[in-house]
$ cat coords-v4.txt   # compact mmCIF, C-alpha atoms (C1' of nucleotides)
# COMPACT_ATOMS: atom_id res chain seq x y z
CA MET K 100 -5.54 4.33 -15.49
CA ASP K 101 -5.22 4.67 -11.75
CA VAL K 102 -7.46 6.14 -9.08
CA LYS K 103 -5.35 9.30 -8.97
CA THR K 104 -6.05 10.09 -12.62
CA LEU K 105 -9.74 9.29 -12.20
CA CYS K 106 -9.97 11.68 -9.26
CA LEU K 107 -8.37 14.35 -11.42
CA GLY K 108 -10.96 13.65 -14.12
CA ILE K 109 -13.85 13.91 -11.72
CA LEU K 110 -12.44 17.22 -10.50
CA CYS K 111 -12.36 18.47 -14.11
CA ARG K 112 -16.15 18.26 -13.99
CA GLN K 113 -16.83 19.61 -10.53
CA ASP K 114 -15.10 20.64 -7.35
CA ALA K 115 -15.39 17.93 -4.74
CA SER K 116 -14.17 16.49 -1.48
CA GLY K 117 -12.77 12.99 -1.09
CA TYR K 118 -16.13 11.93 0.20
CA ASP K 119 -17.91 13.39 -2.83
CA ILE K 120 -15.49 11.57 -5.11
CA LYS K 121 -16.23 8.29 -3.39
CA LYS K 122 -19.93 8.92 -4.06
CA HIS K 123 -19.11 9.57 -7.69
CA PHE K 124 -17.35 6.22 -7.96
CA GLU K 125 -20.34 4.53 -6.39
CA THR K 126 -22.89 6.11 -8.70
CA ALA K 127 -21.59 7.32 -12.07
CA PHE K 128 -18.67 4.89 -12.24
CA SER K 129 -20.22 1.99 -10.37
CA HIS K 130 -20.40 -0.43 -13.27
CA PHE K 131 -16.91 0.11 -14.63
CA PHE K 132 -14.59 1.27 -11.88
CA ALA K 133 -14.28 0.93 -8.12
CA ALA K 134 -12.27 2.85 -5.56
CA GLY K 135 -12.24 3.02 -1.78
CA PHE K 136 -11.18 5.76 0.64
CA GLY K 137 -7.85 4.05 1.03
CA SER K 138 -7.06 4.84 -2.60
CA ILE K 139 -8.85 8.17 -2.91
CA TYR K 140 -7.42 10.13 0.02
CA PRO K 141 -3.76 9.37 -0.75
CA ALA K 142 -4.45 10.12 -4.44
CA LEU K 143 -5.85 13.56 -3.59
CA ALA K 144 -2.88 14.32 -1.37
CA GLU K 145 -0.50 13.43 -4.21
CA LEU K 146 -2.44 15.51 -6.72
CA SER K 147 -2.28 18.42 -4.33
CA ASP K 148 1.46 17.96 -3.81
CA SER K 149 2.13 18.01 -7.53
CA GLY K 150 0.04 21.13 -8.06
CA LEU K 151 -2.61 19.52 -10.26
CA VAL K 152 -5.33 20.44 -7.79
CA THR K 153 -5.74 22.99 -5.04
CA CYS K 154 -7.48 22.44 -1.75
CA ASP K 155 -9.78 24.69 0.25
CA GLU K 156 -10.35 23.45 3.75
CA GLU K 157 -13.67 24.48 5.19
CA CYS K 158 -13.20 25.47 8.80
CA ARG K 159 -15.35 23.46 11.15
CA HIS K 160 -15.14 23.47 14.92
CA GLY K 161 -15.09 19.63 14.78
CA LYS K 162 -11.88 17.84 13.86
CA PRO K 163 -11.82 16.63 10.25
CA GLY K 164 -12.60 19.81 8.24
CA ARG K 165 -14.10 19.15 4.87
CA LYS K 166 -11.53 19.66 2.11
CA VAL K 167 -12.84 20.78 -1.25
CA TYR K 168 -10.47 20.16 -4.13
CA ARG K 169 -10.38 22.14 -7.37
CA VAL K 170 -8.43 21.30 -10.51
CA THR K 171 -5.77 23.74 -11.71
CA GLU K 172 -5.07 24.52 -15.35
CA ALA K 173 -2.02 22.25 -15.17
CA GLY K 174 -4.23 19.51 -13.75
CA ARG K 175 -6.77 19.92 -16.50
CA GLN K 176 -4.08 19.67 -19.17
CA ALA K 177 -2.57 16.65 -17.45
CA PHE K 178 -5.93 14.89 -17.48
CA ILE K 179 -6.56 15.69 -21.14
CA ALA K 180 -3.11 14.29 -21.92
CA ALA K 181 -3.94 11.15 -19.93
CA LEU K 182 -7.10 10.68 -22.00
CA ARG K 183 -4.99 10.83 -25.15
CA GLU K 184 -2.56 8.21 -23.91
CA THR K 185 -4.78 5.75 -22.08
CA GLU K 186 -5.29 2.42 -23.80
CA PRO K 187 -9.01 1.61 -24.00
CA ARG K 188 -8.88 -1.66 -22.09
CA HIS K 189 -11.87 -3.46 -20.68
CA LYS K 190 -11.35 -6.14 -18.09
CA VAL K 191 -13.76 -8.32 -16.21
CA ARG K 192 -13.00 -10.19 -13.04
CA SER K 193 -15.91 -12.41 -12.19
CA GLU K 194 -15.99 -14.85 -9.34
CA PHE K 195 -19.57 -15.52 -10.43
CA LEU K 196 -18.42 -16.91 -13.77
CA VAL K 197 -15.66 -18.87 -12.09
CA LEU K 198 -18.30 -20.58 -9.98
CA MET K 199 -20.42 -21.28 -13.05
CA TYR K 200 -17.41 -22.67 -14.85
CA PHE K 201 -16.91 -25.16 -12.05
CA ALA K 202 -20.61 -25.92 -11.67
CA GLU K 203 -19.94 -29.65 -11.77
CA LEU K 204 -18.11 -29.41 -8.48
CA MET K 205 -20.96 -27.60 -6.72
CA SER K 206 -24.21 -28.78 -5.18
CA THR K 207 -27.43 -27.87 -6.97
CA ASP K 208 -28.54 -25.92 -3.92
CA ARG K 209 -25.43 -23.81 -3.86
CA LEU K 210 -25.71 -23.20 -7.61
CA ARG K 211 -29.27 -22.06 -7.26
CA GLU K 212 -28.30 -19.76 -4.42
CA VAL K 213 -25.47 -18.23 -6.44
CA LEU K 214 -27.61 -17.74 -9.54
CA ASP K 215 -30.44 -16.19 -7.51
CA GLN K 216 -27.98 -13.91 -5.79
CA ARG K 217 -26.52 -12.77 -9.08
CA ALA K 218 -29.99 -12.24 -10.56
CA GLN K 219 -30.94 -10.15 -7.54
CA GLU K 220 -27.73 -8.15 -7.79
CA ILE K 221 -28.53 -7.38 -11.43
CA GLU K 222 -31.98 -6.11 -10.42
CA ASN K 223 -30.38 -3.89 -7.80
CA LEU K 224 -28.01 -2.49 -10.39
CA PHE K 225 -30.96 -1.67 -12.65
CA THR K 226 -32.57 0.23 -9.79
CA LYS K 227 -29.34 2.10 -9.12
CA ALA K 228 -29.03 2.95 -12.80
CA ASP K 229 -32.58 4.33 -12.81
CA GLU K 230 -31.85 6.45 -9.77
CA PHE K 231 -28.76 7.81 -11.47
CA ASP K 232 -30.51 8.65 -14.73
CA HIS K 233 -33.55 10.25 -13.11
CA ARG K 234 -31.81 12.23 -10.44
CA PHE K 235 -32.79 15.83 -10.83
CA GLY K 236 -30.29 18.58 -11.25
CA ASP K 237 -27.91 18.59 -14.18
CA PRO K 238 -28.98 16.75 -17.32
CA LEU K 239 -26.70 13.89 -18.35
CA SER K 240 -23.74 14.74 -20.57
CA ALA K 241 -23.21 12.80 -23.79
CA GLY K 242 -20.54 10.70 -22.11
CA GLU K 243 -22.75 9.95 -19.14
CA GLN K 244 -25.59 8.94 -21.41
CA PHE K 245 -23.38 6.63 -23.43
CA VAL K 246 -21.86 4.98 -20.40
CA SER K 247 -25.14 4.66 -18.54
CA GLY K 248 -26.82 3.15 -21.58
CA TYR K 249 -23.91 0.78 -22.04
CA GLY K 250 -24.19 -0.47 -18.50
CA ARG K 251 -27.89 -0.96 -18.90
CA ALA K 252 -27.54 -2.81 -22.20
CA LEU K 253 -25.05 -5.27 -20.73
CA LEU K 254 -27.13 -5.69 -17.59
CA LYS K 255 -30.11 -6.54 -19.76
CA ALA K 256 -28.10 -9.07 -21.75
CA ALA K 257 -26.79 -10.67 -18.56
CA ARG K 258 -30.27 -10.89 -17.05
CA GLU K 259 -31.72 -12.50 -20.14
CA TYR K 260 -28.85 -14.90 -20.57
CA ILE K 261 -29.04 -16.10 -16.99
CA ARG K 262 -32.80 -16.54 -17.15
CA GLU K 263 -32.63 -18.59 -20.30
CA ASN K 264 -29.55 -20.64 -19.58
CA ARG K 265 -29.33 -21.33 -15.88
CA HIS K 266 -30.83 -24.73 -16.51
CA LEU K 267 -27.57 -25.67 -18.26
CA VAL K 268 -25.74 -25.73 -14.96
CA GLU K 269 -28.61 -26.33 -12.54
CA ASN K 270 -29.87 -29.48 -14.21
CA ASP K 271 -26.46 -30.97 -14.49
CA HIS K 272 -27.11 -34.24 -12.68
CA LYS K 273 -23.92 -34.92 -10.85
CA GLN K 274 -22.56 -38.30 -9.98
CA ASN K 275 -19.99 -38.40 -7.27
CA LEU K 276 -18.38 -35.06 -6.54
CA THR K 277 -15.14 -36.64 -5.48
CA THR K 278 -14.71 -38.72 -8.61
CA SER K 279 -16.11 -36.56 -11.40
CA PRO K 280 -14.31 -37.14 -14.67
CA ARG K 281 -10.91 -35.62 -15.31
CA ARG K 282 -9.36 -35.10 -18.63
CA ILE K 283 -6.01 -36.61 -19.37
CA ARG K 284 -3.50 -34.62 -21.30
CA ALA K 285 -3.08 -35.83 -24.89
CA MET L 133 -10.69 -15.66 -5.40
CA ASP L 134 -7.01 -15.53 -6.15
CA VAL L 135 -4.84 -17.00 -8.87
CA LYS L 136 -3.70 -19.77 -6.53
CA THR L 137 -7.22 -21.07 -6.05
CA LEU L 138 -7.96 -20.80 -9.76
CA CYS L 139 -4.86 -22.86 -10.56
CA LEU L 140 -6.07 -25.46 -8.13
CA GLY L 141 -9.44 -25.47 -9.88
CA ILE L 142 -7.91 -25.92 -13.29
CA LEU L 143 -5.87 -28.80 -11.93
CA CYS L 144 -9.08 -30.43 -10.66
CA ARG L 145 -10.03 -30.79 -14.31
CA GLN L 146 -6.75 -31.84 -15.82
CA ASP L 147 -3.09 -32.21 -14.99
CA ALA L 148 -1.12 -29.30 -16.32
CA SER L 149 2.11 -27.35 -16.29
CA GLY L 150 2.32 -23.66 -15.47
CA TYR L 151 2.47 -22.99 -19.15
CA ASP L 152 -0.68 -25.02 -19.80
CA ILE L 153 -2.47 -23.13 -17.04
CA LYS L 154 -1.53 -19.82 -18.61
CA LYS L 155 -3.07 -21.07 -21.85
CA HIS L 156 -6.20 -21.98 -19.95
CA PHE L 157 -6.50 -18.47 -18.57
CA GLU L 158 -6.07 -17.09 -22.07
CA THR L 159 -8.71 -19.30 -23.63
CA ALA L 160 -11.40 -20.66 -21.30
CA PHE L 161 -11.10 -17.85 -18.74
CA SER L 162 -10.20 -15.03 -21.08
CA HIS L 163 -13.38 -13.02 -20.68
CA PHE L 164 -13.63 -13.18 -16.91
CA PHE L 165 -10.21 -13.63 -15.39
CA ALA L 166 -6.61 -12.83 -16.24
CA ALA L 167 -3.33 -14.11 -14.85
CA GLY L 168 0.29 -13.86 -15.91
CA PHE L 169 3.28 -16.10 -15.29
CA GLY L 170 4.33 -13.86 -12.45
CA SER L 171 1.21 -14.96 -10.55
CA ILE L 172 0.93 -18.53 -11.77
CA TYR L 173 4.40 -19.90 -11.04
CA PRO L 174 4.57 -18.70 -7.43
CA ALA L 175 1.00 -19.95 -6.93
CA LEU L 176 1.94 -23.44 -8.11
CA ALA L 177 4.98 -23.47 -5.84
CA GLU L 178 2.80 -22.57 -2.87
CA LEU L 179 0.19 -25.18 -3.74
CA SER L 180 2.94 -27.74 -3.95
CA ASP L 181 4.40 -26.66 -0.59
CA SER L 182 1.03 -27.02 1.13
CA GLY L 183 0.46 -30.47 -0.34
CA LEU L 184 -2.60 -29.55 -2.39
CA VAL L 185 -0.86 -30.58 -5.59
CA THR L 186 2.03 -32.84 -6.49
CA CYS L 187 4.58 -32.19 -9.19
CA ASP L 188 6.21 -34.53 -11.70
CA GLU L 189 9.17 -33.00 -13.40
CA GLU L 190 9.83 -34.35 -16.85
CA CYS L 191 13.54 -34.83 -17.31
CA ARG L 192 14.92 -32.90 -20.22
CA HIS L 193 18.62 -32.44 -21.06
CA GLY L 194 17.90 -28.68 -21.40
CA LYS L 195 17.54 -26.59 -18.29
CA PRO L 196 13.92 -25.79 -17.38
CA GLY L 197 12.31 -29.26 -17.26
CA ARG L 198 8.55 -29.22 -17.79
CA LYS L 199 6.73 -29.65 -14.49
CA VAL L 200 3.35 -31.32 -14.60
CA TYR L 201 1.15 -30.68 -11.59
CA ARG L 202 -1.59 -32.97 -10.33
CA VAL L 203 -4.16 -32.21 -7.66
CA THR L 204 -4.20 -34.33 -4.50
CA GLU L 205 -7.36 -35.41 -2.69
CA ALA L 206 -6.70 -32.68 -0.11
CA GLY L 207 -6.38 -30.17 -2.93
CA ARG L 208 -9.61 -31.29 -4.50
CA GLN L 209 -11.45 -30.93 -1.20
CA ALA L 210 -9.87 -27.54 -0.60
CA PHE L 211 -11.08 -26.33 -3.98
CA ILE L 212 -14.60 -27.63 -3.42
CA ALA L 213 -14.61 -25.80 -0.09
CA ALA L 214 -13.43 -22.62 -1.82
CA LEU L 215 -16.34 -22.89 -4.27
CA ARG L 216 -18.74 -23.07 -1.34
CA GLU L 217 -17.29 -19.98 0.32
CA THR L 218 -16.54 -17.70 -2.60
CA GLU L 219 -18.84 -14.70 -2.95
CA PRO L 220 -20.16 -14.52 -6.52
CA ARG L 221 -18.79 -11.05 -7.33
CA HIS L 222 -18.57 -9.59 -10.78
CA LYS L 223 -16.36 -6.59 -11.33
CA VAL L 224 -15.54 -4.60 -14.41
CA ARG L 225 -12.60 -2.27 -14.83
CA SER L 226 -12.93 -0.45 -18.08
CA GLU L 227 -10.60 2.27 -19.27
CA PHE L 228 -12.70 2.24 -22.43
CA LEU L 229 -15.78 3.40 -20.52
CA VAL L 230 -13.75 5.95 -18.61
CA LEU L 231 -12.72 7.46 -21.93
CA MET L 232 -16.32 7.46 -23.14
CA TYR L 233 -17.43 9.09 -19.92
CA PHE L 234 -14.99 11.94 -20.53
CA ALA L 235 -15.77 12.15 -24.26
CA GLU L 236 -16.26 15.90 -24.01
CA LEU L 237 -12.59 16.31 -23.21
CA MET L 238 -11.41 14.31 -26.21
CA SER L 239 -11.02 15.14 -29.88
CA THR L 240 -13.44 13.54 -32.32
CA ASP L 241 -10.52 11.80 -34.05
CA ARG L 242 -9.32 10.23 -30.86
CA LEU L 243 -12.86 9.16 -29.96
CA ARG L 244 -13.32 7.51 -33.34
CA GLU L 245 -10.00 5.75 -32.94
CA VAL L 246 -10.94 4.45 -29.50
CA LEU L 247 -14.38 3.28 -30.59
CA ASP L 248 -12.98 1.56 -33.67
CA GLN L 249 -10.32 -0.10 -31.56
CA ARG L 250 -12.90 -1.37 -29.09
CA ALA L 251 -15.16 -2.59 -31.91
CA GLN L 252 -12.22 -4.44 -33.43
CA GLU L 253 -11.28 -5.94 -30.08
CA ILE L 254 -14.83 -7.24 -29.72
CA GLU L 255 -14.62 -8.89 -33.13
CA ASN L 256 -11.35 -10.53 -32.11
CA LEU L 257 -12.97 -11.84 -28.96
CA PHE L 258 -15.78 -13.36 -31.02
CA THR L 259 -13.21 -15.13 -33.15
CA LYS L 260 -11.42 -16.40 -30.07
CA ALA L 261 -14.72 -17.60 -28.62
CA ASP L 262 -15.46 -19.51 -31.84
CA GLU L 263 -12.05 -21.13 -31.77
CA PHE L 264 -12.63 -22.18 -28.20
CA ASP L 265 -16.06 -23.66 -28.84
CA HIS L 266 -15.09 -25.51 -31.99
CA ARG L 267 -11.78 -26.88 -30.88
CA PHE L 268 -11.83 -30.63 -31.29
CA GLY L 269 -11.16 -32.98 -28.50
CA ASP L 270 -13.31 -32.93 -25.40
CA PRO L 271 -16.88 -31.67 -25.73
CA LEU L 272 -17.69 -28.63 -23.58
CA SER L 273 -18.87 -29.26 -20.03
CA ALA L 274 -22.08 -27.64 -18.81
CA GLY L 275 -20.08 -24.98 -17.00
CA GLU L 276 -17.97 -24.26 -20.04
CA GLN L 277 -21.05 -23.96 -22.20
CA PHE L 278 -22.74 -21.58 -19.78
CA VAL L 279 -19.70 -19.38 -19.40
CA SER L 280 -18.85 -19.35 -23.07
CA GLY L 281 -22.43 -18.46 -23.99
CA TYR L 282 -22.46 -15.74 -21.34
CA GLY L 283 -19.34 -14.16 -22.77
CA ARG L 284 -20.80 -14.31 -26.23
CA ALA L 285 -24.13 -12.80 -25.16
CA LEU L 286 -22.42 -9.84 -23.49
CA LEU L 287 -20.07 -9.40 -26.42
CA LYS L 288 -23.06 -9.26 -28.73
CA ALA L 289 -24.80 -6.69 -26.54
CA ALA L 290 -21.65 -4.56 -26.40
CA ARG L 291 -21.18 -4.70 -30.17
CA GLU L 292 -24.76 -3.70 -30.84
CA TYR L 293 -24.77 -0.95 -28.26
CA ILE L 294 -21.58 0.61 -29.60
CA ARG L 295 -22.82 0.45 -33.19
CA GLU L 296 -26.08 2.11 -32.35
CA ASN L 297 -24.88 4.69 -29.88
CA ARG L 298 -21.41 5.81 -30.81
CA HIS L 299 -22.94 8.87 -32.45
CA LEU L 300 -23.86 10.08 -28.94
CA VAL L 301 -20.23 10.79 -28.15
CA GLU L 302 -18.81 11.20 -31.66
CA ASN L 303 -21.21 13.91 -32.74
CA ASP L 304 -20.78 15.86 -29.57
CA HIS L 305 -19.77 19.18 -31.11
CA LYS L 306 -17.23 20.54 -28.71
CA GLN L 307 -16.52 24.16 -28.09
CA ASN L 308 -13.26 24.94 -26.44
CA LEU L 309 -11.65 22.00 -24.72
CA THR L 310 -9.97 24.18 -22.16
CA THR L 311 -13.11 25.96 -21.06
CA SER L 312 -15.83 23.31 -21.31
CA PRO L 313 -18.55 23.81 -18.73
CA ARG L 314 -18.02 22.76 -15.15
CA ARG L 315 -20.68 22.11 -12.65
CA ILE L 316 -20.70 23.98 -9.40
CA ARG L 317 -21.55 22.14 -6.23
CA ALA L 318 -24.99 23.03 -4.94
C1' DA P 50 -30.73 6.82 22.27
C1' DC P 51 -29.49 4.86 17.96
C1' DG P 52 -28.48 4.26 13.32
C1' DG P 53 -27.17 6.38 9.17
C1' DT P 54 -24.58 9.70 6.80
C1' DC P 55 -20.95 12.93 6.56
C1' DA P 56 -15.97 13.36 6.95
C1' DT P 57 -10.73 12.43 6.94
C1' DG P 58 -6.92 9.87 7.22
C1' DT P 59 -2.94 6.00 8.12
C1' DA P 60 -0.61 1.56 7.96
C1' DA P 61 -0.06 -3.07 6.96
C1' DA P 62 -1.10 -6.76 4.25
C1' DG P 63 -2.33 -8.76 0.09
C1' DT P 64 -2.11 -9.22 -4.79
C1' DG P 65 -0.98 -8.57 -9.32
C1' DT P 66 1.95 -6.52 -13.12
C1' DT P 67 6.18 -5.83 -15.39
C1' DA P 68 10.67 -6.52 -16.48
C1' DC P 69 14.33 -9.40 -16.36
C1' DA P 70 16.99 -13.77 -17.13
C1' DT P 71 17.52 -18.16 -19.71
C1' DG P 72 17.25 -21.54 -23.11
C1' DA P 73 15.27 -25.52 -26.26
C1' DT P 74 12.30 -26.80 -30.01
C1' DT P 75 9.41 -26.26 -34.03
C1' DA P 76 7.76 -24.25 -38.31
C1' DC P 77 8.55 -21.46 -42.27
C1' DG A 67 18.24 -18.12 -40.13
C1' DT A 68 14.64 -16.35 -37.71
C1' DA A 69 10.43 -15.98 -35.56
C1' DA A 70 7.07 -18.20 -32.77
C1' DT A 71 6.08 -21.28 -29.31
C1' DC A 72 7.33 -23.95 -25.43
C1' DA A 73 9.09 -23.59 -20.77
C1' DT A 74 10.40 -21.86 -15.91
C1' DG A 75 11.29 -18.70 -12.62
C1' DT A 76 12.67 -14.21 -9.65
C1' DA A 77 12.53 -9.53 -7.99
C1' DA A 78 11.03 -4.96 -7.84
C1' DC A 79 7.33 -2.20 -8.26
C1' DA A 80 2.62 -0.56 -8.29
C1' DC A 81 -1.65 -0.57 -6.64
C1' DT A 82 -5.66 -1.79 -3.98
C1' DT A 83 -7.93 -3.61 -0.02
C1' DT A 84 -8.81 -3.93 4.68
C1' DA A 85 -8.64 -2.69 9.16
C1' DC A 86 -8.03 0.72 12.23
C1' DA A 87 -8.74 5.35 14.45
C1' DT A 88 -11.80 9.41 15.21
C1' DG A 89 -15.70 12.29 15.57
C1' DA A 90 -19.84 15.50 14.31
C1' DC A 91 -24.48 15.96 12.68
C1' DC A 92 -29.26 14.66 11.49
C1' DG A 93 -33.46 12.28 11.60
C1' DT A 94 -36.76 9.28 14.21
$ encode --input "coords-v4.txt" --output "structure tokens"
Amino acid sequence: MDVKTLCLGILCRQDASGYDIKKHFETAFSHFFAAGFGSIYPALAELSDSGLVTCDEECRHGKPGRKVYRVTEAGRQAFIAALRETEPRHKVRSEFLVLMYFAELMSTDRLREVLDQRAQEIENLFTKADEFDHRFGDPLSAGEQFVSGYGRALLKAAREYIRENRHLVENDHKQNLTTSPRRIRA
Amino acid sequence: MDVKTLCLGILCRQDASGYDIKKHFETAFSHFFAAGFGSIYPALAELSDSGLVTCDEECRHGKPGRKVYRVTEAGRQAFIAALRETEPRHKVRSEFLVLMYFAELMSTDRLREVLDQRAQEIENLFTKADEFDHRFGDPLSAGEQFVSGYGRALLKAAREYIRENRHLVENDHKQNLTTSPRRIRA
DNA sequence: ACGGTCATGTAAAGTGTTACATGATTAC
DNA sequence: GTAATCATGTAACACTTTACATGACCGT
């Protein structure tokens, strides 16, 4: 599922500008999807061209002019069709785990730094999740509740695991970094 | 961190062919990094060109000729440097969670199907993790243990969360899909 | 004044995915 | 015999990331 389709989905919930949509990615979608302006603005232009959304430009004396997009009936149907066809994949790409995997090739100091940084990042994500859940305004939909709880549950598991197992990599007393053992193919 | 660097890392542990490296991505790295042949083979060619690895081609009467790569001292140092400089990011891209987020726009049947599929996928990943841990041959390194345990811990959390919370989205009694409520910007 | 937020957009570069093309060997 | 696994590689395509370019408004 690409950014274009996600934008369409967000617009099925509420009218929004590109900037609003970016905010949505950073809050509601933060723990399972990322998108930058460089993906969002072209996506909105394409959606507009194909008639899946319409665009009202607010007149402002300044240059840019805030553009508020609204989904059309065709757009809504297209998104519902996309939901029917999308494979429910789930992919992780973790440089953090790569570093842990190669712990033997890293200094203890660097390992500690990386683990602390990751632990801190997890705490920040908890805070962000709290802010999202307790924002006032609309109550959370069932989907939002499920997804928010999911993120929280995995965050909790990650925090606990790191706390209890960081010693596995930190206490790894290394010999010589340049001659650490290599396996020979059988 | 790109596929090229990861290939270099894998080669710091053991000599391998492109095919072997693909296997490594599918087993040891499966829950935190993915790479296909279309990334791996060009990466190995580039590593070879820049002198970070050498290549022994096994002569075979057939055409392809298995190529076994070996890291050079320069390559080893380059990888260790990469480990020092790599930011410990951790990104998820989950179409599954996107679907859950938009549960209101999906039929209960489709939601059940998606949840069952995800649950099954998680079970498969547990099986794969077991196979990886209990393979004979080399015992797991500290890094491998940490990463394998991490994957397992998060898998467990995901399984439990889905079991206990799928009702949130499944029991969402929908009215009319085409006119479900939309929020208006404040 | 200055920093943060609001606001839009383009272009190039980087990276990965998919499909294609080929063929031997091994296990059932 | 036939399917799976072993084995390499290219080319086109899709998509995202990053850097650039611009500027108003609001709070302190």
$ residues_around --input "coords-v4.txt" --residues "P:DA68" --least-positions-apart "4" --cutoff "12 Å" --atoms "all atoms listed in the file" --output "list in words"
Gly170 of chain L; DT76, DA77, DA78 and DC79 of chain A
$ atom_distance --input "coords-v4.txt" --atom1 "atom CA of L:Leu243" --atom2 "atom CA of L:Leu231"
8.2 Å
$ closest_residue --input "coords-v4.txt" --among "P:DA70, P:DA76, P:DT64, P:DA50" --to "chain L" --atoms "only C-alpha atoms (C1' of nucleotides)"
P:DT64
$ residues_around --input "coords-v4.txt" --residues "K:His123" --least-positions-apart "2" --cutoff "12 Å" --atoms "only C-alpha atoms (C1' of nucleotides)" --output "PDB file with C-alpha atoms, keeping the file's coordinate frame"
ATOM      1  CA  LEU K 105      -9.740   9.290 -12.200  1.00  0.00           C
ATOM      2  CA  CYS K 106      -9.970  11.680  -9.260  1.00  0.00           C
ATOM      3  CA  GLY K 108     -10.960  13.650 -14.120  1.00  0.00           C
ATOM      4  CA  ILE K 109     -13.850  13.910 -11.720  1.00  0.00           C
ATOM      5  CA  LEU K 110     -12.440  17.220 -10.500  1.00  0.00           C
ATOM      6  CA  ARG K 112     -16.150  18.260 -13.990  1.00  0.00           C
ATOM      7  CA  GLN K 113     -16.830  19.610 -10.530  1.00  0.00           C
ATOM      8  CA  ASP K 114     -15.100  20.640  -7.350  1.00  0.00           C
ATOM      9  CA  ALA K 115     -15.390  17.930  -4.740  1.00  0.00           C
ATOM     10  CA  SER K 116     -14.170  16.490  -1.480  1.00  0.00           C
ATOM     11  CA  GLY K 117     -12.770  12.990  -1.090  1.00  0.00           C
ATOM     12  CA  TYR K 118     -16.130  11.930   0.200  1.00  0.00           C
ATOM     13  CA  ASP K 119     -17.910  13.390  -2.830  1.00  0.00           C
ATOM     14  CA  ILE K 120     -15.490  11.570  -5.110  1.00  0.00           C
ATOM     15  CA  LYS K 121     -16.230   8.290  -3.390  1.00  0.00           C
ATOM     16  CA  GLU K 125     -20.340   4.530  -6.390  1.00  0.00           C
ATOM     17  CA  THR K 126     -22.890   6.110  -8.700  1.00  0.00           C
ATOM     18  CA  ALA K 127     -21.590   7.320 -12.070  1.00  0.00           C
ATOM     19  CA  PHE K 128     -18.670   4.890 -12.240  1.00  0.00           C
ATOM     20  CA  SER K 129     -20.220   1.990 -10.370  1.00  0.00           C
ATOM     21  CA  HIS K 130     -20.400  -0.430 -13.270  1.00  0.00           C
ATOM     22  CA  PHE K 131     -16.910   0.110 -14.630  1.00  0.00           C
ATOM     23  CA  PHE K 132     -14.590   1.270 -11.880  1.00  0.00           C
ATOM     24  CA  ALA K 133     -14.280   0.930  -8.120  1.00  0.00           C
ATOM     25  CA  ALA K 134     -12.270   2.850  -5.560  1.00  0.00           C
ATOM     26  CA  GLY K 135     -12.240   3.020  -1.780  1.00  0.00           C
ATOM     27  CA  ILE K 139      -8.850   8.170  -2.910  1.00  0.00           C
ATOM     28  CA  PHE K 231     -28.760   7.810 -11.470  1.00  0.00           C
TER      29      PHE K 231
END
$ atom_distance --input "coords-v4.txt" --atom1 "atom CA of L:Leu215" --atom2 "atom CA of L:Val135"
13.7 Å
$ atom_distance --input "coords-v4.txt" --atom1 "atom CA of K:Phe245" --atom2 "atom CA of L:Glu296"
10.4 Å
$ residues_around --input "coords-v4.txt" --residues "A:DG75" --least-positions-apart "4" --cutoff "10 Å" --atoms "only C-alpha atoms (C1' of nucleotides)" --output "list in words"
Phe169, Gly170, Tyr173, Pro174 and Pro196 of chain L; DA70 and DT71 of chain P
$ residues_around --input "coords-v4.txt" --residues "L:Thr259" --least-positions-apart "5" --cutoff "12 Å" --atoms "only C-alpha atoms (C1' of nucleotides)" --output "compact mmCIF listing (two decimals) with C-alpha atoms, keeping the file's coordinate frame"
# COMPACT_ATOMS: atom_id res chain seq x y z
CA THR L 159 -8.71 -19.30 -23.63
CA GLN L 252 -12.22 -4.44 -33.43
CA GLU L 253 -11.28 -5.94 -30.08
CA ILE L 254 -14.83 -7.24 -29.72
CA PHE L 264 -12.63 -22.18 -28.20
CA ASP L 265 -16.06 -23.66 -28.84
CA HIS L 266 -15.09 -25.51 -31.99
CA ARG L 284 -20.80 -14.31 -26.23
CA LEU L 287 -20.07 -9.40 -26.42
$ residues_near_point --input "coords-v4.txt" --point "(-20.7, -14.8, -22.1)" --cutoff "12 Å" --atoms "only C-alpha atoms (C1' of nucleotides)" --output "ChimeraX atom specification"
/K:191,193,195-197,199-200,253,256-261,264 /L:160-164,257-258,261,275-290
$ interface_residues --input "coords-v4.txt" --of "chain P" --to "chain K" --cutoff "9 Å" --atoms "all atoms listed in the file" --output "ChimeraX atom specification"
/P:55-59
$ write_last_selection --input "coords-v4.txt" --atoms "C-alpha atoms (C1' of nucleotides)" --output "PDB file, in the coordinates of the input"
ATOM      1  C1'  DC P  55     -20.950  12.930   6.560  1.00  0.00           C
ATOM      2  C1'  DA P  56     -15.970  13.360   6.950  1.00  0.00           C
ATOM      3  C1'  DT P  57     -10.730  12.430   6.940  1.00  0.00           C
ATOM      4  C1'  DG P  58      -6.920   9.870   7.220  1.00  0.00           C
ATOM      5  C1'  DT P  59      -2.940   6.000   8.120  1.00  0.00           C
TER       6       DT P  59
END
$ closest_residue --input "coords-v4.txt" --among "A:DT74, A:DT68, A:DT94, A:DT83" --to "chain L" --atoms "all atoms listed in the file"
A:DT74
$ axis_aligned_box --input "coords-v4.txt" --around "stretch 55-72 of chain P" --padding-each-side "8 Å" --output "JSON"
{"center_x": -1.7, "center_y": -4.1, "center_z": -7.5, "size_x": 54.5, "size_y": 50.9, "size_z": 47.2}
$ residues_near_point --input "coords-v4.txt" --point "(-0.9, -0.6, 13.9)" --cutoff "8 Å" --atoms "all atoms listed in the file" --output "number ranges by chain"
P: 60-61; A: 86
